[in-house]
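Worksheet: one structure, shown below.
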Amino acid sequence: MAELWFALLGLMLVTYVVLDGFDFGAGLLHLFVAKSDAERRTVLAAIGPFWDGNEVWLIATGGVLFVAFPEVLTTAFPAFYLALHLVLWCFALRGVSIEVRSHVTDSMWHAVWDAIFAVASLLLALLFGVAFGNVVRGVPVDQTREFTMPFFTHFGTTGQVGLLDYYTLSVGLLAVALLAAHGAAFLAWRAGGVVRERCLRLERKLWPAVALLFALVTLETYFVRPDLLSNLLTRPTAWLGIGLALGGSGVLVSSRRGTLDGRAFLGSCALITGVLASAGAAMFPVFLRSTLSPAFDLDALHQPRNSIAMKFALGWWPFAFMLAVSYFVNVFRANRARVSADDYLP
Amino acid sequence: MDDPSFWHRLQFAFTIVYHYLFPQLTMGLALIIVLWKWRALRTGQDRYDVAARFWSKIFGVNFVLGVVTGVPMEFQFGTNWARFSRYSAGVIGQTLAMEGMFAFFLESAFVAALVFGERRMSRRKHFGAACAVWAGSWLSGYFIIATNAFMQHPVGHALMEGVLVLDRPFEFLLNPWAIVQYLHTMMASVVTAAFVVSAVGAFYYLRAQHQDQARLYLKWGTRVGLVASFLVAFPTGDRQAKLVAEHQPITLAAMEGRFESGENAELTFIGQPNVRERRIDNAIRAPMVLSILAYGTPKRSVLGLNEFPVDQWPTNIELLYYSFHVMAGLGTLFILLMGISTFLGLRGRLEQTRPVLWILMLAFPFPYIATTAGWMTAELGRQPWLIHGLFRTAHGHSASVSSGNALFTLIGFTGLYFVLGLIFLFLVGRELAHGPEQEAHG
């Protein structure tokens with residue numbers, strides 16, 4: 001049962017990153033790929049019908065984590081107290097910026113909200129990347145499971161670590177580059193015209209940057225978590241992830257030779273899915289690794305057993321998941337034509 | 001300052017009260033928009049579509065504010081209330097996860113179609129989108145009320161190794177407290193929406209703008225408002241009070257500021273609780289009414305606070321007393337105002353009775369005050385428990401998050417929400433100034 005919930009949570013988290021990732025990416029690139037008001041409205045029209053639903057995947061993942069592994073959530077959330085509040089405030093400003101920009105026709109009003117949208121998207125991508133880096137590297141959890149982390153301590157990766165060190169920052173930068181490239185692939189597919197041209201040009205720089213940062217993070221991981229790389233080589237589920245990531249990259253590259261924008265975006269989705277899936281498979285069953293001692297690790301297999309809750313949740317979860325997927329398919333189908341600047345005016 | 005619990009509670013109270021300003025309108029308004037879309041389909045009259053279109057824009061602004069202030073509520077279970085969450089996740093995790101999976105996805109998938117999609121959809125499909133948003137928002141309401149109802153009246157759980165686990169899932173989901181509290185809360189949100197719709201109708205009518213739309217808002221606002229105001233009091237409010245009397249007798253005593261026990265218990269309309277002297281100062285009372293309201297007969301004794309040890313008393317009896325009386329008093333006035341307005345409307349004289357239009361226009365803040373007071377009654381009445389009878393509030397906050405950290409984020413929320421409030425008022429003000437308009441159907 002615990003293995004199954006680990007996998008389902010992984011599935012939900014990956015869905016979240018792939019979906020909200022493209023609108024974070026669109027936000028990251030907003031100021032660069034869209035210059036005129038019409039172009040910026042096109043970017044917002046492209047993510048308009050999706051961003052709120054995308055964000056729900058995070059809330060839903062948190063909810064399911066709360067049901068399946070409450071110890072993990074209640075240990076990690078106070079630990080990241082201030083960082084999570086930063087995340088919340090960025091989410092609030094970002095959501096408002098997307099919605100209110102078009103209510104007033106004034107260039108200064110637009111400029112302010114465009115900037116807030118871009119900066120909040122950048123901070124969120126960076127913070128989530130850093131958070132993922134923290135999960136991989138580990139956190140100073142002890143037997144009490146009561147601790148808060150400062151933003152930084154000695155910038156090392158063992159003992160009393162802080163949120164930021166060379167490793168978590170590298171992962172943060174990788175997340176920014178990867179989501180920017182992912183967002184560019186999304187916008188190239190949805191926007192068309194000059195926005196598409198700029199996105200394609202940026203993609204030619206962003207994907208190599210992603211590859212470089214990915215190589216750097218892999219190398220660092222070899223020193224920070226050598227066990228992960230050996231897990232990667234010995235676990236067949238991790239091979240699936242690697243295969244998916246390689247396949248996605250191949251699709252991405254081959255699609256860019258022609259004008260198969262939708263296919264290229266799917267390749268990008270597969271790439272992200274593969275990377276996260278292989279990371280998850282290598283980390284299983286540990287959710288929160290302790291940098292103090294392996295005895296304090298929080299893993300999926302040693303959680304309080306709450307069998308009725310798990311069974312009950314397993315009864316409704318597949319149904320709810322299918323419904324959610326069907327809504328998304330519906331929204332994507334309803335918005336399958338390339339967007340224009342006027343699609344999203346209230 | 002030394003007690004972190006206080007700052008965590010203040011942050012939760014502030015963020016939840018602020019958050020609930022938005023969903024109470026969107027939940028009620030979603031129903032009214034569905035009714036208008038339905039009338040538009042049935043009658044083919046354009047005015048219903050125009051009304052639904054205009055109010056969908058107001059809905060959209062409220063919805064976004066509801067979303068961005070709602071996400072922090074979910075997070076705070078983990079960040080600020082980790083010990084409570086650790087204890088209760090086995091039970092309430094279920095409804096919180098179901099809210100995300102069943103309600104938020106549904107709402108978020110269709111809200112863009114409702115607000116922006118009319119030009120690209122058939123009338124029937126657009127009606128369907130309105131229904132989906134209504135269903136999503138009301139489902140969300142149920143799951144969150146079921147969570148709160150568990151804290152008020154825990155059922156369906158078991159205790160294992162010091163934490164709660166789910167034992168009888170359907171008993172938990174269909175908690176009788178949840179059903180009553182849900183209907184009471186939903187009807188109250190319809191009251192809020194009805195008052196806001198009436199207020200805008202009165203505003204336009206008094207300014208001699210958009211007369212046809214103004215008449216429509218006044219008619220639907222006052223009639224829906226009368227039905228909903230009545231249902232808030234009876235049977236839902238009445239049932240709620242009887243549940244409190246049955247399961248939380250200390251709370252009932254504190255809500256009424258009642259210290260002495262006895263039958264023929266009187267209802268206090270007005271007066272100031274004096275907790276130190278254990279009495280109500282300057283009280284105006286109605287004999288026997290409290291016994292009848294709580295138990296259906298004057299013969300039953302209503303217990304006073306003196307019967308219970310002080311450490312079981314709600315921690316802020318004065319605020320609880322005032323909250324309850326503000327809620328109940330306003331609720332009664334709502335029935336009166338909407339009754340008079342509907343009576344005048346039925347006789348075709350509402351639009352000519354300018355004093356009533358002025359009152360309707362200025363009355364819209366009061367349902368917000370009443371719902372806030374109602375929630376304060378529920379939450380203060382539950383004290384000193386976080387989960388009634390099982391888990392004390394003082395033990396619920398995250399042990400590792402200090403007072404200073406909680407105060408820091410509280411200040412952050414205050415500043416951010418002030419700015420969001422300004423933007424909200426500005427945008428809604430613009431929509432109102434712009435007004436409803438005719439628009440061709442695609």
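Following the order of the structure tokens, first chain is A, next is B, and so on, with residues numbered from 1 inside each chain and ligands from 1 in the order they appear.
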
Review point. Within 12 Å of Arg336 in chain A, counting only C-alpha atoms, which residues qualify if same-chain residues fewer than 6 places away don't, as a ChimeraX atom specification?
Key: /A:46,49,189-191,262,328-330

Would you save the residues of that selection, restricted to C-alpha atoms, as a PDB file, in the first residue's frame?
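part14.pdb written:
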```pdb
ATOM      1  CA  ALA A  46      -2.218  31.103 -23.800  1.00  0.00           C
ATOM      2  CA  PRO A  49      -7.624  28.904 -19.193  1.00  0.00           C
ATOM      3  CA  TRP A 189       2.976  25.738 -29.743  1.00  0.00           C
ATOM      4  CA  ARG A 190       0.125  27.958 -28.490  1.00  0.00           C
ATOM      5  CA  ALA A 191       1.028  31.492 -29.481  1.00  0.00           C
ATOM      6  CA  GLY A 262       2.663  20.402 -30.309  1.00  0.00           C
ATOM      7  CA  PHE A 328      -7.972  18.957 -18.508  1.00  0.00           C
ATOM      8  CA  VAL A 329      -8.473  17.062 -21.765  1.00  0.00           C
ATOM      9  CA  ASN A 330     -11.688  19.018 -22.198  1.00  0.00           C
TER      10      ASN A 330
END
```

Exercise for review: Name all residues at most 8 Å from His154 in chain A (count only C-alpha atoms; drop same-chain ones fewer than 6 positions away) and give them as a ChimeraX atom specification.
Suggested key: /A:161-162,165

Just-selected residues, C-alpha atoms written as a short mmCIF file (atom, residue, chain, number, x, y, z; two decimals), in the first residue's frame:
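In the end it all went to selection.cif:
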```cif
data_model
loop_
_atom_site.label_atom_id
_atom_site.label_comp_id
_atom_site.auth_asym_id
_atom_site.auth_seq_id
_atom_site.Cartn_x
_atom_site.Cartn_y
_atom_site.Cartn_z
CA VAL A 161 22.30 22.52 6.63
CA GLY A 162 20.28 25.57 5.59
CA ASP A 165 23.95 25.84 -0.50
#
```

**Study point:** Å distance separating CA of Glu171 in chain B from CA of Ala149 in chain B, one decimal place
**Key:** 11.8 Å

I'd like a table as a tab-separated table: residues in chain B with an atom no more than 7 Å from chain A, each row giving the shortest atom pair and its distance in Å to one decimal, only C-alpha atoms counted, sorted by chain and rising residue number.
```
residue	atom	partner	partner_atom	distance
B:Val64	CA	A:Val96	CA	6.8
B:Val68	CA	A:Ala92	CA	4.7
B:Thr69	CA	A:Ala92	CA	7.0
B:Pro72	CA	A:Leu88	CA	6.1
B:Gly78	CA	A:Phe77	CA	5.1
B:Thr79	CA	A:Pro78	CA	4.4
B:Asn80	CA	A:Pro78	CA	6.6
B:Ala82	CA	A:Thr74	CA	4.8
B:Ser85	CA	A:Thr74	CA	6.6
B:Arg86	CA	A:Thr74	CA	6.1
B:Ala89	CA	A:Pro70	CA	6.0
B:Gly90	CA	A:Val67	CA	6.2
B:Gly93	CA	A:Val67	CA	4.6
B:Gln94	CA	A:Val67	CA	5.8
B:Leu96	CA	A:Gly63	CA	5.7
B:Ala97	CA	A:Gly63	CA	3.9
B:Gly100	CA	A:Ala60	CA	4.6
B:Met101	CA	A:Ala60	CA	5.7
B:Phe102	CA	A:Ala320	CA	5.8
B:Phe104	CA	A:Val56	CA	6.4
B:Phe105	CA	A:Ala324	CA	5.9
B:Ser108	CA	A:Gly53	CA	4.9
B:Ala109	CA	A:Gly53	CA	6.0
B:Ala112	CA	A:Pro49	CA	5.5
B:Phe116	CA	A:Pro346	CA	5.9
B:Val165	CA	A:Asn306	CA	5.9
B:Leu166	CA	A:Ala309	CA	5.3
B:Asp167	CA	A:Ile308	CA	6.3
B:Ser398	CA	A:Pro78	CA	6.5
B:Ala399	CA	A:Glu146	CA	6.5
B:Ser400	CA	A:Phe147	CA	5.3
B:Val401	CA	A:Pro78	CA	6.5
```

Practice item. Taking the chain letters and numbering used in this document, name the residues of range 76-280 of chain B that DSSP puts in alpha helix (DSSP H), as a VMD selection string. Key: chain B and resid 76 to 79 82 to 98 105 to 116 123 to 152 169 to 173 176 to 206 211 to 231 238 to 247 249 to 255

Review point. CA of Ala328 in chain B and CA of Ser341 in chain B, how far apart in Å?
Key: 20.2 Å

Exercise for review: Could you tell me which of B:Ala51, B:Leu21, B:Ala199, B:Ala378 comes closest to Gln248 in chain B if we count only C-alpha atoms?
Suggested key: B:Ala378

Check your understanding: Could you work out how far CA of Gly193 in chain A lies from CA of Arg101 in chain A, giving the answer in Å with one decimal?
Key -> 21.9 Å

Practice item. Write out as a list in words the residues lying within 10 Å of Gly339 in chain B, counting only C-alpha atoms and excluding same-chain residues fewer than 6 positions away. Key: Thr222, Arg223, Gly225, Leu226, Val227, Ser229, Phe230, Leu333 and Gly345 of chain B

Those same residues - C-alpha atoms - I'd like them written as a tab-separated table (two decimals), in the first residue's frame.
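Done, and the output landed in result.tsv:
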```
chain	number	residue	atom	x	y	z
B	222	THR	CA	-34.90	40.62	-2.69
B	223	ARG	CA	-36.86	37.44	-3.42
B	225	GLY	CA	-32.76	37.09	-0.27
B	226	LEU	CA	-36.07	36.61	1.56
B	227	VAL	CA	-36.12	32.84	0.98
B	229	SER	CA	-32.68	34.74	5.03
B	230	PHE	CA	-35.62	32.72	6.24
B	333	LEU	CA	-33.25	42.13	10.55
B	345	GLY	CA	-41.89	44.46	-5.04
```

Point to revise | Contacts of Thr168 in chain A within 10 Å, only C-alpha atoms, excl. fewer than 4 positions in-chain, as a count of residues only | key: 20

Can you pull out every residue within 7 Å of Leu298 in chain A, counting only C-alpha atoms, but drop anything in the same chain fewer than 5 positions away, and send it as a PDB file with N, CA and C atoms, in the first residue's frame?
```pdb
ATOM      1  N   VAL A  72       5.173  13.252   7.008  1.00  0.00           N
ATOM      2  CA  VAL A  72       6.082  13.950   6.095  1.00  0.00           C
ATOM      3  C   VAL A  72       5.675  15.409   5.982  1.00  0.00           C
ATOM      4  N   VAL A 286      12.523   6.833   0.676  1.00  0.00           N
ATOM      5  CA  VAL A 286      12.741   7.961   1.590  1.00  0.00           C
ATOM      6  C   VAL A 286      12.058   9.220   1.069  1.00  0.00           C
ATOM      7  N   PHE A 287      11.278   9.881   1.934  1.00  0.00           N
ATOM      8  CA  PHE A 287      10.681  11.170   1.595  1.00  0.00           C
ATOM      9  C   PHE A 287      11.591  12.302   2.023  1.00  0.00           C
ATOM     10  N   LEU A 288      11.986  12.244   3.307  1.00  0.00           N
ATOM     11  CA  LEU A 288      12.831  13.279   3.856  1.00  0.00           C
ATOM     12  C   LEU A 288      14.067  12.614   4.415  1.00  0.00           C
ATOM     13  N   ARG A 289      15.194  12.871   3.770  1.00  0.00           N
ATOM     14  CA  ARG A 289      16.433  12.280   4.239  1.00  0.00           C
ATOM     15  C   ARG A 289      17.007  13.167   5.332  1.00  0.00           C
TER      16      ARG A 289
END
```

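The set of residues in range 42-199 of chain B assigned to strand (DSSP E) by DSSP, using only backbone atoms of this structure, is His157, Ala158, Leu159, Met160, Val163, Leu164, Val165 and Leu166 of chain B.
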
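Checking B:Trp385, B:Tyr182, B:Phe195, B:Phe343 one by one against Asp311 in chain B, counting only C-alpha atoms, you find the shortest gap at B:Trp385.
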
Review point. Can you tell me, as number ranges by chain, what residues are no more than 8 Å from Phe265 in chain A when counting only C-alpha atoms, ignoring any on the same chain fewer than 3 positions away?
Key: A: 182, 185-186, 189, 252, 261-262, 268-269

Produce a file of the selected residues containing C-alpha atoms, as a PDB file, in the first residue's frame.
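Done, and the output landed in out-v6.pdb:
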```
ATOM      1  CA  HIS A 182       9.392  24.133 -21.149  1.00  0.00           C
ATOM      2  CA  ALA A 185       7.981  25.068 -25.964  1.00  0.00           C
ATOM      3  CA  PHE A 186       4.437  25.655 -24.710  1.00  0.00           C
ATOM      4  CA  TRP A 189       2.976  25.738 -29.743  1.00  0.00           C
ATOM      5  CA  LEU A 252      11.894  17.465 -28.874  1.00  0.00           C
ATOM      6  CA  ASP A 261       5.192  22.516 -32.181  1.00  0.00           C
ATOM      7  CA  GLY A 262       2.663  20.402 -30.309  1.00  0.00           C
ATOM      8  CA  SER A 268       9.404  18.530 -23.239  1.00  0.00           C
ATOM      9  CA  CYS A 269       6.657  17.104 -20.976  1.00  0.00           C
TER      10      CYS A 269
END
```

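Of the residues listed (A:Gln143, A:Ser230, A:Thr291, A:Thr273), A:Thr273 shows the shortest atom-to-atom separation from Ser249 in chain A; distances use only C-alpha atoms.
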